[in-house]
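Data from input31.pdb: PDB, C-alpha atoms
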```
ATOM      1  CA  MET R   1    -150.696  49.931 141.969
ATOM      2  CA  GLY R   2    -147.527  51.519 140.531
ATOM      3  CA  ILE R   3    -146.062  54.794 141.684
ATOM      4  CA  ILE R   4    -147.046  56.663 138.514
ATOM      5  CA  ASN R   5    -150.616  55.366 138.674
ATOM      6  CA  TRP R   6    -150.857  56.498 142.303
ATOM      7  CA  CYS R   7    -149.741  59.978 141.327
ATOM      8  CA  LEU R   8    -152.070  60.184 138.351
ATOM      9  CA  MET R   9    -155.023  59.050 140.412
ATOM     10  CA  TYR R  10    -154.504  61.677 143.087
ATOM     11  CA  ASN R  11    -153.670  64.345 140.544
ATOM     12  CA  ARG R  12    -157.169  63.982 139.039
ATOM     13  CA  PHE R  13    -158.734  64.785 142.404
ATOM     14  CA  GLU R  14    -156.655  67.853 143.246
ATOM     15  CA  TYR R  15    -158.041  70.059 145.952
ATOM     16  CA  ILE R  16    -159.519  73.134 144.305
ATOM     17  CA  ASN R  17    -158.536  75.454 147.151
ATOM     18  CA  ILE R  18    -154.778  74.973 146.582
ATOM     19  CA  GLN R  19    -153.290  77.584 144.261
ATOM     20  CA  HIS R  20    -150.473  76.259 142.076
ATOM     21  CA  GLN R  21    -149.112  79.471 140.629
ATOM     22  CA  LEU R  22    -148.114  82.459 142.765
ATOM     23  CA  LEU R  23    -146.597  85.433 141.001
ATOM     24  CA  SER R  24    -143.525  86.486 142.980
ATOM     25  CA  ILE R  25    -141.951  86.654 146.384
ATOM     26  CA  SER R  26    -143.171  90.248 146.720
ATOM     27  CA  PHE R  27    -146.718  88.892 146.745
ATOM     28  CA  LEU R  28    -145.860  86.798 149.762
ATOM     29  CA  PHE R  29    -145.473  89.940 151.852
ATOM     30  CA  SER R  30    -148.611  91.634 150.533
ATOM     31  CA  PHE R  31    -150.786  89.762 153.025
ATOM     32  CA  ASN R  32    -150.063  91.357 156.385
ATOM     33  CA  SER R  33    -152.850  90.401 158.779
ATOM     34  CA  ARG R  34    -152.177  88.675 162.086
ATOM     35  CA  GLN R  35    -155.344  86.599 162.246
ATOM     36  CA  PHE R  36    -154.156  84.413 165.157
ATOM     37  CA  HIS R  37    -152.617  85.345 168.492
ATOM     38  CA  THR R  38    -151.645  83.819 171.830
ATOM     39  CA  LYS R  39    -154.997  84.526 173.499
ATOM     40  CA  ILE R  40    -156.885  82.330 171.044
ATOM     41  CA  ARG R  41    -157.417  78.751 172.219
ATOM     42  CA  THR R  42    -156.047  75.940 170.064
ATOM     43  CA  ILE R  43    -159.525  74.701 169.172
ATOM     44  CA  ASN R  44    -160.455  78.165 167.892
ATOM     45  CA  ARG R  45    -157.474  78.521 165.558
ATOM     46  CA  ILE R  46    -159.480  77.217 162.642
ATOM     47  CA  GLY R  47    -158.231  79.261 159.709
ATOM     48  CA  PRO R  48    -158.843  79.674 156.884
ATOM     49  CA  HIS R  49    -155.213  79.113 155.956
ATOM     50  CA  ASN R  50    -153.918  80.845 152.848
ATOM     51  CA  SER R  51    -152.428  78.704 150.109
ATOM     52  CA  ASP R  52    -149.039  80.422 150.485
ATOM     53  CA  VAL R  53    -148.857  79.325 154.130
ATOM     54  CA  ILE R  54    -149.781  75.753 153.220
ATOM     55  CA  SER R  55    -147.167  75.745 150.450
ATOM     56  CA  LEU R  56    -144.477  76.949 152.851
ATOM     57  CA  LEU R  57    -145.430  74.324 155.446
ATOM     58  CA  VAL R  58    -145.503  71.515 152.879
ATOM     59  CA  GLY R  59    -142.141  72.458 151.383
ATOM     60  CA  CYS R  60    -140.449  72.845 154.760
ATOM     61  CA  LEU R  61    -141.980  69.656 156.165
ATOM     62  CA  LEU R  62    -140.532  67.793 153.198
ATOM     63  CA  GLY R  63    -137.247  69.333 154.311
ATOM     64  CA  ASP R  64    -135.986  70.251 157.768
ATOM     65  CA  ALA R  65    -139.116  71.411 159.595
ATOM     66  CA  TYR R  66    -141.109  69.011 161.729
ATOM     67  CA  GLY R  67    -144.527  68.878 163.296
ATOM     68  CA  VAL R  68    -145.663  67.999 166.808
ATOM     69  CA  LYS R  69    -149.215  66.976 167.673
ATOM     70  CA  SER R  70    -150.222  67.697 171.249
ATOM     71  CA  LYS R  71    -151.544  64.933 173.485
ATOM     72  CA  SER R  72    -154.041  67.154 175.270
ATOM     73  CA  LYS R  73    -157.802  66.654 175.153
ATOM     74  CA  ILE R  74    -158.052  69.166 172.332
ATOM     75  CA  GLN R  75    -155.386  67.996 169.908
ATOM     76  CA  GLY R  76    -153.477  70.529 167.906
ATOM     77  CA  THR R  77    -150.366  70.677 165.764
ATOM     78  CA  SER R  78    -147.424  73.050 165.920
ATOM     79  CA  PHE R  79    -144.379  73.238 163.671
ATOM     80  CA  ARG R  80    -140.727  73.877 164.467
ATOM     81  CA  PHE R  81    -138.241  75.474 162.085
ATOM     82  CA  ALA R  82    -134.496  75.325 162.674
ATOM     83  CA  GLN R  83    -131.473  76.304 160.599
ATOM     84  CA  SER R  84    -127.753  76.563 161.193
ATOM     85  CA  ALA R  85    -126.216  79.961 161.844
ATOM     86  CA  ARG R  86    -125.006  79.951 158.235
ATOM     87  CA  HIS R  87    -128.620  80.167 157.070
ATOM     88  CA  LYS R  88    -129.758  82.659 159.695
ATOM     89  CA  ASP R  89    -131.281  85.018 157.113
ATOM     90  CA  TYR R  90    -133.406  82.201 155.673
ATOM     91  CA  LEU R  91    -134.651  81.174 159.130
ATOM     92  CA  PHE R  92    -135.530  84.779 159.959
ATOM     93  CA  PHE R  93    -137.326  85.071 156.631
ATOM     94  CA  LEU R  94    -139.456  82.028 157.548
ATOM     95  CA  TYR R  95    -140.184  83.594 160.922
ATOM     96  CA  ASP R  96    -141.165  86.963 159.426
ATOM     97  CA  PHE R  97    -143.336  85.253 156.837
ATOM     98  CA  LEU R  98    -145.296  83.343 159.484
ATOM     99  CA  PHE R  99    -145.265  86.091 162.117
ATOM    100  CA  THR R 100    -146.830  88.686 159.802
ATOM    101  CA  ARG R 101    -149.601  86.179 159.094
ATOM    102  CA  GLY R 102    -150.210  85.529 162.786
ATOM    103  CA  TYR R 103    -148.712  82.042 163.116
ATOM    104  CA  CYS R 104    -146.169  82.661 165.877
ATOM    105  CA  THR R 105    -145.364  85.014 168.748
ATOM    106  CA  ASP R 106    -143.412  88.271 168.517
ATOM    107  CA  SER R 107    -140.507  86.881 170.570
ATOM    108  CA  GLY R 108    -138.464  86.075 167.465
ATOM    109  CA  PRO R 109    -136.251  83.053 166.749
ATOM    110  CA  ARG R 110    -134.103  81.760 169.594
ATOM    111  CA  GLN R 111    -130.479  80.751 169.279
ATOM    112  CA  TYR R 112    -129.522  77.163 170.039
ATOM    113  CA  GLN R 113    -126.324  75.240 170.672
ATOM    114  CA  ARG R 114    -126.100  71.508 170.085
ATOM    115  CA  ILE R 115    -123.227  69.113 170.594
ATOM    116  CA  LEU R 116    -123.188  66.226 168.138
ATOM    117  CA  ILE R 117    -120.890  63.201 168.102
ATOM    118  CA  ASN R 118    -119.845  61.824 164.716
ATOM    119  CA  ALA R 119    -118.990  58.244 163.746
ATOM    120  CA  SER R 120    -115.402  58.765 164.954
ATOM    121  CA  ASN R 121    -116.694  59.757 168.410
ATOM    122  CA  VAL R 122    -115.586  63.358 167.888
ATOM    123  CA  LYS R 123    -117.757  66.040 169.457
ATOM    124  CA  LYS R 124    -118.647  69.135 167.469
ATOM    125  CA  THR R 125    -120.709  72.117 168.575
ATOM    126  CA  HIS R 126    -123.346  73.428 166.167
ATOM    127  CA  TYR R 127    -125.044  76.821 166.452
ATOM    128  CA  GLY R 128    -128.255  77.927 164.870
ATOM    129  CA  TYR R 129    -131.687  79.474 165.280
ATOM    130  CA  GLU R 130    -135.167  78.041 165.687
ATOM    131  CA  PHE R 131    -138.773  79.003 166.389
ATOM    132  CA  ASP R 132    -142.164  77.362 166.805
ATOM    133  CA  THR R 133    -145.584  78.206 165.459
ATOM    134  CA  PHE R 134    -148.740  78.363 167.514
ATOM    135  CA  THR R 135    -150.679  75.126 167.955
ATOM    136  CA  PHE R 136    -153.566  74.709 165.503
ATOM    137  CA  SER R 137    -156.338  72.154 165.688
ATOM    138  CA  SER R 138    -157.099  73.082 162.081
ATOM    139  CA  LEU R 139    -153.681  71.833 160.927
ATOM    140  CA  ASN R 140    -153.909  68.319 162.346
ATOM    141  CA  TRP R 141    -154.641  67.123 158.821
ATOM    142  CA  LEU R 142    -151.224  68.363 157.711
ATOM    143  CA  TYR R 143    -149.517  66.470 160.522
ATOM    144  CA  ASP R 144    -151.440  63.327 159.530
ATOM    145  CA  LEU R 145    -150.380  63.825 155.909
ATOM    146  CA  PHE R 146    -146.708  63.691 156.870
ATOM    147  CA  TYR R 147    -146.523  61.413 159.913
ATOM    148  CA  VAL R 148    -147.310  57.815 160.792
ATOM    149  CA  ASP R 149    -146.391  56.795 164.343
ATOM    150  CA  ARG R 150    -144.378  60.047 164.616
ATOM    151  CA  ILE R 151    -142.196  59.054 161.652
ATOM    152  CA  LYS R 152    -142.147  61.428 158.685
ATOM    153  CA  ILE R 153    -143.322  59.855 155.435
ATOM    154  CA  ILE R 154    -144.146  60.740 151.838
ATOM    155  CA  SER R 155    -147.664  59.665 150.879
ATOM    156  CA  PRO R 156    -149.370  59.693 147.460
ATOM    157  CA  GLU R 157    -151.832  62.337 148.691
ATOM    158  CA  LEU R 158    -148.963  64.819 148.890
ATOM    159  CA  ILE R 159    -149.221  65.490 145.164
ATOM    160  CA  ASN R 160    -152.363  67.511 145.853
ATOM    161  CA  TYR R 161    -150.314  70.052 147.830
ATOM    162  CA  LEU R 162    -147.153  70.303 145.732
ATOM    163  CA  THR R 163    -146.833  73.788 144.257
ATOM    164  CA  PRO R 164    -143.889  75.664 142.740
ATOM    165  CA  MET R 165    -143.681  77.588 146.001
ATOM    166  CA  ALA R 166    -143.561  74.381 148.048
ATOM    167  CA  LEU R 167    -140.784  73.086 145.787
ATOM    168  CA  ALA R 168    -138.897  76.345 146.275
ATOM    169  CA  PHE R 169    -138.949  75.989 150.066
ATOM    170  CA  LEU R 170    -137.900  72.345 149.866
ATOM    171  CA  ILE R 171    -134.868  73.307 147.782
ATOM    172  CA  MET R 172    -133.987  76.205 150.095
ATOM    173  CA  ASP R 173    -134.203  73.739 152.995
ATOM    174  CA  ASP R 174    -132.478  70.693 151.525
ATOM    175  CA  GLY R 175    -131.326  71.480 148.008
ATOM    176  CA  GLY R 176    -127.843  71.998 146.674
ATOM    177  CA  TRP R 177    -126.045  72.814 143.435
ATOM    178  CA  VAL R 178    -123.959  70.008 141.901
ATOM    179  CA  SER R 179    -121.366  71.845 139.854
ATOM    180  CA  GLY R 180    -120.032  68.745 138.105
ATOM    181  CA  SER R 181    -123.364  67.803 136.535
ATOM    182  CA  LYS R 182    -124.832  71.336 136.642
ATOM    183  CA  SER R 183    -127.920  69.982 138.364
ATOM    184  CA  VAL R 184    -129.772  70.392 141.649
ATOM    185  CA  ARG R 185    -129.686  67.673 144.295
ATOM    186  CA  ILE R 186    -132.400  67.427 146.936
ATOM    187  CA  SER R 187    -131.252  65.587 150.046
ATOM    188  CA  THR R 188    -134.142  63.250 150.822
ATOM    189  CA  ASN R 189    -131.898  61.186 153.097
ATOM    190  CA  ASN R 190    -134.444  60.356 155.783
ATOM    191  CA  TYR R 191    -137.022  58.787 153.486
ATOM    192  CA  THR R 192    -137.199  55.242 152.169
ATOM    193  CA  LEU R 193    -136.266  54.403 148.589
ATOM    194  CA  GLN R 194    -139.925  53.854 147.705
ATOM    195  CA  GLU R 195    -140.865  57.248 149.151
ATOM    196  CA  VAL R 196    -138.052  59.034 147.324
ATOM    197  CA  GLU R 197    -139.056  57.388 144.049
ATOM    198  CA  LEU R 198    -142.656  58.437 144.690
ATOM    199  CA  LEU R 199    -141.634  62.053 145.254
ATOM    200  CA  SER R 200    -139.480  61.984 142.129
ATOM    201  CA  GLU R 201    -142.446  60.785 140.069
ATOM    202  CA  MET R 202    -144.575  63.551 141.537
ATOM    203  CA  PHE R 203    -142.023  66.111 140.332
ATOM    204  CA  LYS R 204    -142.171  64.606 136.841
ATOM    205  CA  ILE R 205    -145.979  64.583 136.728
ATOM    206  CA  LYS R 206    -146.673  67.885 138.472
ATOM    207  CA  PHE R 207    -143.815  70.020 137.137
ATOM    208  CA  GLU R 208    -142.497  68.076 134.108
ATOM    209  CA  LEU R 209    -139.056  67.854 135.692
ATOM    210  CA  ASN R 210    -136.618  65.170 134.595
ATOM    211  CA  CYS R 211    -135.350  63.573 137.810
ATOM    212  CA  THR R 212    -133.291  60.614 138.915
ATOM    213  CA  VAL R 213    -132.863  58.926 142.308
ATOM    214  CA  GLN R 214    -129.353  58.047 143.449
ATOM    215  CA  LYS R 215    -128.069  56.172 146.452
ATOM    216  CA  LEU R 216    -125.582  58.143 148.522
ATOM    217  CA  TRP R 217    -124.145  55.470 150.771
ATOM    218  CA  LYS R 218    -124.970  52.307 152.660
ATOM    219  CA  ALA R 219    -124.002  51.533 156.227
ATOM    220  CA  LYS R 220    -122.348  48.139 156.481
ATOM    221  CA  GLY R 221    -124.715  45.448 157.629
ATOM    222  CA  ASP R 222    -127.677  47.801 158.078
ATOM    223  CA  ILE R 223    -129.867  48.252 155.019
ATOM    224  CA  SER R 224    -132.086  50.691 156.939
ATOM    225  CA  LYS R 225    -129.272  53.231 156.766
ATOM    226  CA  ASN R 226    -129.389  53.560 152.977
ATOM    227  CA  LYS R 227    -129.595  57.201 151.926
ATOM    228  CA  TYR R 228    -131.133  58.481 148.689
ATOM    229  CA  SER R 229    -131.270  61.856 146.968
ATOM    230  CA  ILE R 230    -133.248  63.257 144.056
ATOM    231  CA  TYR R 231    -131.296  64.874 141.244
ATOM    232  CA  ILE R 232    -133.083  67.313 138.943
ATOM    233  CA  LYS R 233    -131.168  66.878 135.701
ATOM    234  CA  VAL R 234    -129.466  69.591 133.704
ATOM    235  CA  ASP R 235    -132.053  69.420 130.901
ATOM    236  CA  SER R 236    -134.726  70.504 133.414
ATOM    237  CA  MET R 237    -132.801  73.350 135.001
ATOM    238  CA  SER R 238    -134.374  76.090 132.894
ATOM    239  CA  LYS R 239    -137.831  74.736 133.724
ATOM    240  CA  LEU R 240    -136.966  74.470 137.425
ATOM    241  CA  ARG R 241    -135.632  78.017 137.577
ATOM    242  CA  GLU R 242    -138.734  79.322 135.827
ATOM    243  CA  LEU R 243    -140.918  77.603 138.430
ATOM    244  CA  VAL R 244    -139.179  78.487 141.658
ATOM    245  CA  LEU R 245    -136.833  81.470 141.303
ATOM    246  CA  PRO R 246    -139.637  83.991 142.010
ATOM    247  CA  PHE R 247    -139.768  82.527 145.547
ATOM    248  CA  ILE R 248    -136.035  82.084 146.178
ATOM    249  CA  LEU R 249    -134.178  84.395 148.557
ATOM    250  CA  PRO R 250    -131.121  86.108 147.057
ATOM    251  CA  SER R 251    -128.864  84.324 149.560
ATOM    252  CA  MET R 252    -130.206  80.957 148.328
ATOM    253  CA  ARG R 253    -129.656  81.487 144.613
ATOM    254  CA  TYR R 254    -126.315  79.716 144.870
ATOM    255  CA  LYS R 255    -128.298  76.488 145.141
ATOM    256  CA  PHE R 256    -129.125  76.969 141.461
ATOM    257  CA  GLY R 257    -125.600  77.743 140.361
ATOM    258  CA  LEU R 258    -126.364  81.477 140.216
TER     259      LEU R 258
END
```
Let me see the file written as structure tokens.
Amino acid sequence: MGIINWCLMYNRFEYINIQHQLLSISFLFSFNSRQFHTKIRTINRIGPHNSDVISLLVGCLLGDAYGVKSKSKIQGTSFRFAQSARHKDYLFFLYDFLFTRGYCTDSGPRQYQRILINASNVKKTHYGYEFDTFTFSSLNWLYDLFYVDRIKIISPELINYLTPMALAFLIMDDGGWVSGSKSVRISTNNYTLQEVELLSEMFKIKFELNCTVQKLWKAKGDISKNKYSIYIKVDSMSKLRELVLPFILPSMRYKFGL
């Protein structure tokens, strides 16, 4: 079955409890109830989970966030968010968003320092901030949607959870403005070509965005190192901005050439 047919099939059976249009970022702060806390056992953190929280998790999991499923008798899933010091305000916004809804502790994001070695064997120190959510047994389904054998994937079922808000968080995580072509590039580097093409088709079907997939580079002798990005073309920029700008932080508007 082709990629488009997969998307169309799952689009017909969209989950009715997922809201696809939220009005503005001010609405995101209107819900201010900490319904979970540290004294609640994992098995009892059963929701319900608001659609805005699910949209944030989906968008960030497509990007830089990652999930961890516990190996205890009562399995549960937590999520970690990390950003470089340059994007500190965005990371703190994610924390505040989830904290006010009861998804993490009041300890705040923690600063980290990591030493990475590049291809030339040169060490470079990176600074940033990160935080974790509580562990939820009621979010195991979301982990299973994104992971197979602890490897992040893009599955056809994802189309049921793609919203303008989810797209906004993906772009804030991994998007960038391409001044030469006046388009937006989404760095989907860690996914396979088939997965990136699938996601691109979902954008076309769900949001009517004109996209293309481009190879970034190929490591010599190792086809598994191919990297691919999605480009949202210039003729779809007005449509894209209409969809996602209500959810974009002021400090992230540069990713749209603004």
Output of the PyMOL selection byres ((chain R and resi 203-216) around 8), listed as a VMD selection string: chain R and resid 7 to 8 159 162 164 196 to 197 199 to 202 217 to 218 226 to 233 235 to 236 239 to 240
For Arg241 of chain R, the nearest of the candidates R:Arg150, R:Arg253, R:His49, R:Lys124, counting only C-alpha atoms: R:Arg253
Quick one: which residues end up in the PyMOL selection byres ((chain R and resi 165) around 9) for this structure, as an mmCIF file with C-alpha atoms, in the frame of the given file?
```
data_model
loop_
_atom_site.group_PDB
_atom_site.id
_atom_site.type_symbol
_atom_site.label_atom_id
_atom_site.label_comp_id
_atom_site.auth_asym_id
_atom_site.auth_seq_id
_atom_site.Cartn_x
_atom_site.Cartn_y
_atom_site.Cartn_z
ATOM 1 C CA HIS R 20 -150.473 76.259 142.076
ATOM 2 C CA GLN R 21 -149.112 79.471 140.629
ATOM 3 C CA LEU R 22 -148.114 82.459 142.765
ATOM 4 C CA ASP R 52 -149.039 80.422 150.485
ATOM 5 C CA SER R 55 -147.167 75.745 150.450
ATOM 6 C CA LEU R 56 -144.477 76.949 152.851
ATOM 7 C CA GLY R 59 -142.141 72.458 151.383
ATOM 8 C CA LEU R 162 -147.153 70.303 145.732
ATOM 9 C CA THR R 163 -146.833 73.788 144.257
ATOM 10 C CA PRO R 164 -143.889 75.664 142.740
ATOM 11 C CA ALA R 166 -143.561 74.381 148.048
ATOM 12 C CA LEU R 167 -140.784 73.086 145.787
ATOM 13 C CA ALA R 168 -138.897 76.345 146.275
ATOM 14 C CA PHE R 169 -138.949 75.989 150.066
ATOM 15 C CA LEU R 170 -137.900 72.345 149.866
ATOM 16 C CA LEU R 243 -140.918 77.603 138.430
ATOM 17 C CA VAL R 244 -139.179 78.487 141.658
ATOM 18 C CA PRO R 246 -139.637 83.991 142.010
ATOM 19 C CA PHE R 247 -139.768 82.527 145.547
ATOM 20 C CA ILE R 248 -136.035 82.084 146.178
#
```
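For the pair atom CA of Ser187 of chain R and atom CA of Asp144 of chain R, the separation is 22.4 Å.
Coordinates place atom CA of Gln83 of chain R at a distance of 22.7 Å from atom CA of Phe136 of chain R.
Every residue within 10 Å of the file position (-128.3, 81.7, 164.9), judged by all atoms listed in the file, is given as R:Ala82, R:Gln83, R:Ser84, R:Ala85, R:Arg86, R:His87, R:Lys88, R:Asp89, R:Leu91, R:Phe92, R:Pro109, R:Arg110, R:Gln111, R:Tyr112, R:Gln113, R:His126, R:Tyr127, R:Gly128, R:Tyr129, R:Glu130.
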Generate the output file for the selected residues, C-alpha atoms, as a compact mmCIF listing (two decimals), in the coordinates of the input.
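Output file out-v7.txt follows:
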```txt
# COMPACT_ATOMS: atom_id res chain seq x y z
CA ALA R 82 -134.50 75.32 162.67
CA GLN R 83 -131.47 76.30 160.60
CA SER R 84 -127.75 76.56 161.19
CA ALA R 85 -126.22 79.96 161.84
CA ARG R 86 -125.01 79.95 158.24
CA HIS R 87 -128.62 80.17 157.07
CA LYS R 88 -129.76 82.66 159.70
CA ASP R 89 -131.28 85.02 157.11
CA LEU R 91 -134.65 81.17 159.13
CA PHE R 92 -135.53 84.78 159.96
CA PRO R 109 -136.25 83.05 166.75
CA ARG R 110 -134.10 81.76 169.59
CA GLN R 111 -130.48 80.75 169.28
CA TYR R 112 -129.52 77.16 170.04
CA GLN R 113 -126.32 75.24 170.67
CA HIS R 126 -123.35 73.43 166.17
CA TYR R 127 -125.04 76.82 166.45
CA GLY R 128 -128.26 77.93 164.87
CA TYR R 129 -131.69 79.47 165.28
CA GLU R 130 -135.17 78.04 165.69
```
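Between Thr135 of chain R and the candidates R:Gly180, R:Gly257, R:Gly175, R:Gly102, the tightest atom-to-atom separation, counting all atoms listed in the file, involves R:Gly102.
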N, CA, C and O atoms restored at segment 157-173 of chain R, emitted as a PDB file, in the coordinates of the input:
```pdb
ATOM      1  N   GLU R 157    -150.964  61.162 148.592  1.00  0.00           N
ATOM      2  CA  GLU R 157    -151.832  62.337 148.691  1.00  0.00           C
ATOM      3  C   GLU R 157    -151.062  63.651 148.619  1.00  0.00           C
ATOM      4  O   GLU R 157    -151.648  64.702 148.330  1.00  0.00           O
ATOM      5  N   LEU R 158    -149.773  63.604 148.871  1.00  0.00           N
ATOM      6  CA  LEU R 158    -148.963  64.819 148.890  1.00  0.00           C
ATOM      7  C   LEU R 158    -149.007  65.561 147.559  1.00  0.00           C
ATOM      8  O   LEU R 158    -148.861  66.789 147.526  1.00  0.00           O
ATOM      9  N   ILE R 159    -149.230  64.852 146.482  1.00  0.00           N
ATOM     10  CA  ILE R 159    -149.221  65.490 145.164  1.00  0.00           C
ATOM     11  C   ILE R 159    -150.269  66.595 145.068  1.00  0.00           C
ATOM     12  O   ILE R 159    -150.122  67.548 144.310  1.00  0.00           O
ATOM     13  N   ASN R 160    -151.322  66.489 145.864  1.00  0.00           N
ATOM     14  CA  ASN R 160    -152.363  67.511 145.853  1.00  0.00           C
ATOM     15  C   ASN R 160    -151.890  68.841 146.421  1.00  0.00           C
ATOM     16  O   ASN R 160    -152.546  69.872 146.205  1.00  0.00           O
ATOM     17  N   TYR R 161    -150.786  68.849 147.141  1.00  0.00           N
ATOM     18  CA  TYR R 161    -150.314  70.052 147.830  1.00  0.00           C
ATOM     19  C   TYR R 161    -148.955  70.517 147.331  1.00  0.00           C
ATOM     20  O   TYR R 161    -148.388  71.453 147.886  1.00  0.00           O
ATOM     21  N   LEU R 162    -148.425  69.872 146.301  1.00  0.00           N
ATOM     22  CA  LEU R 162    -147.153  70.303 145.732  1.00  0.00           C
ATOM     23  C   LEU R 162    -147.399  71.481 144.798  1.00  0.00           C
ATOM     24  O   LEU R 162    -148.153  71.383 143.840  1.00  0.00           O
ATOM     25  N   THR R 163    -146.759  72.586 145.084  1.00  0.00           N
ATOM     26  CA  THR R 163    -146.833  73.788 144.257  1.00  0.00           C
ATOM     27  C   THR R 163    -145.410  74.244 143.953  1.00  0.00           C
ATOM     28  O   THR R 163    -144.453  73.809 144.613  1.00  0.00           O
ATOM     29  N   PRO R 164    -145.225  75.118 142.961  1.00  0.00           N
ATOM     30  CA  PRO R 164    -143.889  75.664 142.740  1.00  0.00           C
ATOM     31  C   PRO R 164    -143.306  76.310 143.987  1.00  0.00           C
ATOM     32  O   PRO R 164    -142.104  76.194 144.257  1.00  0.00           O
ATOM     33  N   MET R 165    -144.155  76.959 144.765  1.00  0.00           N
ATOM     34  CA  MET R 165    -143.681  77.588 146.001  1.00  0.00           C
ATOM     35  C   MET R 165    -143.231  76.542 147.009  1.00  0.00           C
ATOM     36  O   MET R 165    -142.202  76.711 147.681  1.00  0.00           O
ATOM     37  N   ALA R 166    -143.965  75.458 147.141  1.00  0.00           N
ATOM     38  CA  ALA R 166    -143.561  74.381 148.048  1.00  0.00           C
ATOM     39  C   ALA R 166    -142.223  73.792 147.610  1.00  0.00           C
ATOM     40  O   ALA R 166    -141.342  73.521 148.441  1.00  0.00           O
ATOM     41  N   LEU R 167    -142.051  73.600 146.307  1.00  0.00           N
ATOM     42  CA  LEU R 167    -140.784  73.086 145.787  1.00  0.00           C
ATOM     43  C   LEU R 167    -139.645  74.053 146.087  1.00  0.00           C
ATOM     44  O   LEU R 167    -138.528  73.637 146.426  1.00  0.00           O
ATOM     45  N   ALA R 168    -139.924  75.343 145.980  1.00  0.00           N
ATOM     46  CA  ALA R 168    -138.897  76.345 146.275  1.00  0.00           C
ATOM     47  C   ALA R 168    -138.421  76.236 147.721  1.00  0.00           C
ATOM     48  O   ALA R 168    -137.212  76.280 148.004  1.00  0.00           O
ATOM     49  N   PHE R 169    -139.348  76.086 148.666  1.00  0.00           N
ATOM     50  CA  PHE R 169    -138.949  75.989 150.066  1.00  0.00           C
ATOM     51  C   PHE R 169    -138.238  74.667 150.362  1.00  0.00           C
ATOM     52  O   PHE R 169    -137.333  74.631 151.201  1.00  0.00           O
ATOM     53  N   LEU R 170    -138.626  73.604 149.692  1.00  0.00           N
ATOM     54  CA  LEU R 170    -137.900  72.345 149.866  1.00  0.00           C
ATOM     55  C   LEU R 170    -136.451  72.493 149.418  1.00  0.00           C
ATOM     56  O   LEU R 170    -135.526  72.047 150.112  1.00  0.00           O
ATOM     57  N   ILE R 171    -136.234  73.144 148.282  1.00  0.00           N
ATOM     58  CA  ILE R 171    -134.868  73.307 147.782  1.00  0.00           C
ATOM     59  C   ILE R 171    -134.073  74.249 148.684  1.00  0.00           C
ATOM     60  O   ILE R 171    -132.886  74.016 148.950  1.00  0.00           O
ATOM     61  N   MET R 172    -134.707  75.318 149.171  1.00  0.00           N
ATOM     62  CA  MET R 172    -133.987  76.205 150.095  1.00  0.00           C
ATOM     63  C   MET R 172    -133.631  75.465 151.382  1.00  0.00           C
ATOM     64  O   MET R 172    -132.588  75.722 151.989  1.00  0.00           O
ATOM     65  N   ASP R 173    -134.485  74.540 151.803  1.00  0.00           N
ATOM     66  CA  ASP R 173    -134.203  73.739 152.995  1.00  0.00           C
ATOM     67  C   ASP R 173    -133.113  72.703 152.732  1.00  0.00           C
ATOM     68  O   ASP R 173    -132.129  72.622 153.478  1.00  0.00           O
TER      69      ASP R 173
END
```
